[in-house]
>>> print(open('query37.txt').read())   # compact mmCIF, C-alpha atoms
# COMPACT_ATOMS: atom_id res chain seq x y z
CA MET A 1 18.86 10.79 -124.93
CA GLU A 2 18.20 7.12 -124.18
CA LEU A 3 14.62 5.86 -124.23
CA LYS A 4 14.58 3.63 -121.13
CA GLN A 5 17.12 5.57 -119.11
CA ASP A 6 15.49 8.97 -119.76
CA TRP A 7 11.82 7.93 -119.87
CA LYS A 8 10.83 10.13 -116.89
CA LYS A 9 12.48 13.13 -118.57
CA ILE A 10 10.81 12.27 -121.89
CA ARG A 11 7.41 12.11 -120.20
CA LYS A 12 8.00 15.54 -118.63
CA CYS A 13 8.99 16.96 -122.01
CA PHE A 14 5.88 15.52 -123.66
CA LYS A 15 3.70 16.93 -120.88
CA ARG A 16 5.11 20.40 -121.67
CA TYR A 17 4.72 19.83 -125.41
CA GLY A 18 1.08 18.82 -125.02
CA ALA A 19 0.36 21.80 -122.78
CA SER A 20 1.88 24.22 -125.29
CA SER A 21 0.33 22.93 -128.52
CA PHE A 22 -2.52 20.59 -127.42
CA HIS A 23 -1.45 17.87 -129.86
CA PHE A 24 1.35 15.68 -131.14
CA ALA A 25 2.14 14.79 -134.74
CA MET A 26 1.94 11.08 -135.54
CA ALA A 27 3.44 9.90 -138.82
CA THR A 28 2.40 6.69 -140.53
CA VAL A 29 2.87 5.25 -144.02
CA LYS A 30 -0.07 4.99 -146.43
CA PRO A 31 -0.62 1.70 -148.31
CA ASP A 32 0.89 3.31 -151.45
CA GLY A 33 4.10 4.08 -149.51
CA SER A 34 3.56 7.82 -149.14
CA PRO A 35 3.84 9.49 -145.72
CA TRP A 36 0.85 10.60 -143.67
CA VAL A 37 0.92 12.89 -140.62
CA THR A 38 -2.01 13.14 -138.21
CA PRO A 39 -2.42 15.50 -135.22
CA ILE A 40 -3.17 13.47 -132.08
CA GLY A 41 -4.52 15.23 -129.01
CA SER A 42 -5.17 12.11 -126.99
CA LEU A 43 -1.73 10.60 -126.46
CA LEU A 44 -1.12 9.24 -122.97
CA LEU A 45 2.46 8.24 -122.12
CA ASN A 46 2.61 5.31 -119.73
CA LYS A 47 5.35 4.53 -117.19
CA ASP A 48 7.02 1.79 -119.26
CA CYS A 49 8.18 3.31 -122.58
CA THR A 50 4.73 2.81 -124.07
CA ALA A 51 1.81 5.06 -124.87
CA THR A 52 -1.89 4.79 -125.53
CA TYR A 53 -3.93 7.04 -127.77
CA PHE A 54 -7.63 7.29 -128.46
CA GLU A 55 -8.62 6.71 -132.06
CA ILE A 56 -10.79 9.75 -132.56
CA PHE A 57 -10.62 11.91 -135.70
CA THR A 58 -8.14 9.48 -137.31
CA ARG A 59 -9.88 8.57 -140.56
CA GLY A 60 -6.87 7.54 -142.66
CA MET A 61 -4.48 6.38 -139.99
CA PRO A 62 -6.20 3.08 -138.99
CA GLY A 63 -5.98 1.86 -142.60
CA ASN A 64 -2.34 2.88 -142.78
CA LEU A 65 -1.58 0.89 -139.62
CA GLU A 66 -3.17 -2.24 -141.10
CA THR A 67 -0.49 -2.37 -143.79
CA ASN A 68 2.43 -0.90 -141.81
CA ASN A 69 2.22 -0.46 -138.05
CA ARG A 70 5.46 1.55 -137.71
CA ILE A 71 4.96 5.10 -136.45
CA VAL A 72 6.82 8.21 -135.38
CA VAL A 73 5.34 10.54 -132.77
CA MET A 74 6.75 14.06 -132.56
CA GLY A 75 6.16 16.56 -129.80
CA VAL A 76 7.20 20.21 -130.07
CA ASN A 77 7.41 22.80 -127.32
CA SER A 78 5.38 25.66 -128.83
CA ASN A 79 5.41 27.82 -125.72
CA PHE A 80 6.13 31.44 -126.62
CA TRP A 81 8.11 32.15 -123.44
CA PHE A 82 10.28 29.03 -123.91
CA TRP A 83 11.18 30.16 -127.42
CA LEU A 84 11.76 33.80 -126.42
CA LYS A 85 14.07 32.78 -123.56
CA SER A 86 15.90 30.36 -125.87
CA VAL A 87 16.45 32.96 -128.57
CA ILE A 88 17.65 35.53 -126.03
CA THR A 89 20.08 33.13 -124.34
CA GLY A 90 21.17 31.51 -127.60
CA ARG A 91 20.44 27.94 -126.48
CA PHE A 92 17.61 25.60 -125.57
CA SER A 93 17.56 24.64 -121.89
CA GLN A 94 15.47 21.57 -122.77
CA PRO A 95 14.89 19.70 -126.00
CA PRO A 96 12.61 21.89 -128.16
CA ALA A 97 11.18 18.77 -129.79
CA LEU A 98 11.46 14.99 -129.61
CA ARG A 99 10.63 12.19 -132.03
CA MET A 100 9.73 8.73 -130.74
CA VAL A 101 9.86 5.77 -133.10
CA GLY A 102 7.66 2.80 -132.39
CA THR A 103 5.02 0.26 -133.29
CA ALA A 104 1.26 0.73 -132.99
CA HIS A 105 -0.76 -2.31 -131.94
CA GLU A 106 -4.30 -3.42 -132.80
CA ALA A 107 -7.21 -1.17 -131.81
CA ARG A 108 -9.04 -2.29 -128.67
CA LYS A 109 -11.76 -1.05 -126.35
CA ALA A 110 -10.58 1.65 -123.95
CA THR A 111 -10.54 0.82 -120.26
CA ASP A 112 -12.30 3.00 -117.70
CA GLU A 113 -8.88 3.98 -116.30
CA GLU A 114 -7.71 5.19 -119.74
CA LYS A 115 -10.90 7.19 -120.24
CA HIS A 116 -10.43 8.70 -116.78
CA ARG A 117 -6.79 9.69 -117.57
CA LEU A 118 -7.79 11.48 -120.77
CA ARG A 119 -10.78 13.20 -119.15
CA LYS A 120 -8.52 14.40 -116.33
CA TYR A 121 -6.14 15.90 -118.93
CA LEU A 122 -9.08 17.54 -120.72
CA ALA A 123 -10.74 18.78 -117.49
CA PRO A 124 -10.15 22.51 -118.21
CA PHE A 125 -12.39 22.17 -121.29
CA ARG A 126 -15.17 20.14 -119.66
CA ARG A 127 -17.68 23.00 -119.49
CA THR A 128 -17.17 24.16 -123.08
CA SER A 129 -19.54 23.42 -125.95
CA GLY A 130 -16.72 21.82 -127.92
CA TYR A 131 -15.88 19.29 -125.19
CA LYS A 132 -19.00 17.21 -125.70
CA LYS A 133 -18.75 17.43 -129.47
CA MET A 134 -15.12 16.34 -129.56
CA TRP A 135 -14.58 13.98 -126.63
CA SER A 136 -17.91 12.46 -125.61
CA ARG A 137 -17.23 9.17 -127.45
CA LEU A 138 -14.01 7.69 -126.13
CA GLU A 139 -14.29 4.11 -127.31
CA TYR A 140 -11.15 2.72 -128.93
CA VAL A 141 -7.45 3.03 -128.19
CA ARG A 142 -4.22 1.73 -129.63
CA ASP A 143 -1.15 0.94 -127.61
CA ILE A 144 2.25 2.02 -128.88
CA THR A 145 5.58 0.46 -127.96
CA PHE A 146 8.54 2.79 -128.45
CA GLU A 147 12.03 1.63 -129.40
CA GLU A 148 13.87 4.89 -129.93
CA VAL A 149 13.80 8.56 -129.04
CA VAL A 150 15.53 11.18 -131.17
CA GLU A 151 16.09 14.78 -130.14
CA VAL A 152 15.26 17.24 -132.90
CA ASN A 153 18.38 19.18 -133.87
CA LEU A 154 17.76 22.88 -134.47
CA GLY A 155 21.31 23.93 -135.14
CA ALA A 156 23.78 25.57 -132.79
CA MET A 157 21.15 26.32 -130.12
CA THR A 158 20.38 22.63 -129.67
CA ARG A 159 22.32 20.83 -126.96
CA GLN A 160 24.56 18.14 -128.46
CA LYS A 161 26.52 15.32 -126.85
CA ASN A 162 30.26 15.77 -127.08
CA GLY A 163 32.73 12.89 -127.27
CA THR A 164 32.56 12.23 -123.50
CA GLY A 165 28.79 11.84 -123.39
CA ALA A 166 28.40 15.21 -121.65
CA MET A 167 26.08 17.80 -123.11
CA SER A 168 27.52 20.66 -125.09
CA ASN A 169 26.00 23.59 -126.98
CA ARG A 170 28.27 23.06 -129.98
CA ILE A 171 27.47 21.12 -133.08
CA LYS A 172 29.93 18.33 -133.58
CA THR A 173 31.38 18.49 -137.06
CA VAL A 174 32.73 15.45 -138.85
>>> encode(input="query37.txt", output="structure tokens")
Amino acid sequence: MELKQDWKKIRKCFKRYGASSFHFAMATVKPDGSPWVTPIGSLLLNKDCTATYFEIFTRGMPGNLETNNRIVVMGVNSNFWFWLKSVITGRFSQPPALRMVGTAHEARKATDEEKHRLRKYLAPFRRTSGYKKMWSRLEYVRDITFEEVVEVNLGAMTRQKNGTGAMSNRIKTV
């Protein structure tokens, strides 16, 4: 999968991933060099191979990004029916998970449009008691620029490119 060429497809995949698990995993590097993974429920993919996320509940991650702004965002399709169908048919019809490698930029104030986009996504929860507690303060965001997308390989069920660039269900052995 190519980042720029397949961006519309990637956005559709991430929409499904978010709907099935309500978060994405974002990996950063701590100042001591050890890895750190944070669940992010506020990732908004833009139309130009970038994303924006709200910095809420991210206590350690902002400090990590000060020393190393490289990140990996992973989305996983956790939908039960997707997995059941895949196991029955013996293949994934769509990528079960994707990793996107990129760079996070400096925190900045969120725009009204960004707040509106996240609130629209969270609309089904608006009347719950947790909504106000979790998402009433949408102040800061970070932009992410992606350079690479990597399909997660889950063995023989994962679609692989063959030598001609076409998709195949076989694992290419070297």
>>> closest_residue(input="query37.txt", among="A:Arg117, A:Arg70, A:His23, A:Arg137", to="Gly102 of chain A", atoms="only C-alpha atoms")
A:Arg70
>>> atom_distance(input="query37.txt", atom1="atom CA of Cys13 of chain A", atom2="atom CA of Gly75 of chain A")
8.3 Å
>>> axis_aligned_box(input="query37.txt", around="segment 99-108 of chain A", padding_each_side="6 Å", output="lines of an AutoDock Vina configuration file")
center_x = 0.8
center_y = 4.4
center_z = -131.0
size_x = 31.7
size_y = 27.6
size_z = 16.6
>>> closest_residue(input="query37.txt", among="A:Arg91, A:Lys30, A:Lys47, A:Arg11", to="Met157 of chain A", atoms="all atoms listed in the file")
A:Arg91
>>> residues_near_point(input="query37.txt", point="(0.4, 5.3, -129.2)", cutoff="9 Å", atoms="all atoms listed in the file", output="list in words")
Met26, Leu43, Leu44, Leu45, Thr50, Ala51, Thr52, Tyr53, Phe54, Ile71, Val73, Gly102, Thr103, Ala104, His105, Val141, Arg142, Asp143, Ile144, Thr145 and Phe146 of chain A
>>> residues_near_point(input="query37.txt", point="(9.6, 14.9, -128.4)", cutoff="6 Å", atoms="all atoms listed in the file", output="PyMOL selection string")
chain A and resi 74-75+97-99
>>> build_atoms(input="query37.txt", residues="segment 136-148 of chain A", atoms="N, CA, C and O atoms", output="compact mmCIF listing (two decimals), in the coordinates of the input")
# COMPACT_ATOMS: atom_id res chain seq x y z
N SER A 136 -16.87 13.21 -126.32
CA SER A 136 -17.91 12.46 -125.61
C SER A 136 -17.84 10.96 -125.91
O SER A 136 -18.28 10.15 -125.12
N ARG A 137 -17.29 10.59 -127.06
CA ARG A 137 -17.23 9.17 -127.45
C ARG A 137 -15.78 8.68 -127.42
O ARG A 137 -15.09 8.72 -128.43
N LEU A 138 -15.36 8.24 -126.28
CA LEU A 138 -14.01 7.69 -126.13
C LEU A 138 -14.13 6.17 -126.08
O LEU A 138 -14.32 5.59 -125.03
N GLU A 139 -14.03 5.55 -127.25
CA GLU A 139 -14.29 4.11 -127.31
C GLU A 139 -13.05 3.26 -127.53
O GLU A 139 -12.83 2.30 -126.80
N TYR A 140 -12.25 3.59 -128.54
CA TYR A 140 -11.15 2.72 -128.93
C TYR A 140 -9.79 3.39 -128.74
O TYR A 140 -9.65 4.59 -128.96
N VAL A 141 -8.84 2.57 -128.36
CA VAL A 141 -7.45 3.03 -128.19
C VAL A 141 -6.52 2.09 -128.94
O VAL A 141 -6.90 0.97 -129.30
N ARG A 142 -5.31 2.58 -129.14
CA ARG A 142 -4.22 1.73 -129.63
C ARG A 142 -3.05 1.94 -128.69
O ARG A 142 -2.78 3.05 -128.26
N ASP A 143 -2.37 0.87 -128.40
CA ASP A 143 -1.15 0.94 -127.61
C ASP A 143 0.02 1.11 -128.56
O ASP A 143 -0.01 0.62 -129.70
N ILE A 144 1.04 1.81 -128.10
CA ILE A 144 2.25 2.02 -128.88
C ILE A 144 3.43 1.58 -128.02
O ILE A 144 3.50 1.92 -126.83
N THR A 145 4.33 0.83 -128.61
CA THR A 145 5.58 0.46 -127.96
C THR A 145 6.69 1.23 -128.66
O THR A 145 6.81 1.18 -129.88
N PHE A 146 7.46 1.98 -127.88
CA PHE A 146 8.54 2.79 -128.45
C PHE A 146 9.87 2.05 -128.34
O PHE A 146 10.14 1.37 -127.36
N GLU A 147 10.70 2.24 -129.39
CA GLU A 147 12.03 1.63 -129.40
C GLU A 147 13.14 2.66 -129.40
O GLU A 147 14.28 2.35 -129.10
N GLU A 148 12.82 3.89 -129.76
CA GLU A 148 13.87 4.89 -129.93
C GLU A 148 13.30 6.28 -129.72
O GLU A 148 12.16 6.57 -130.07
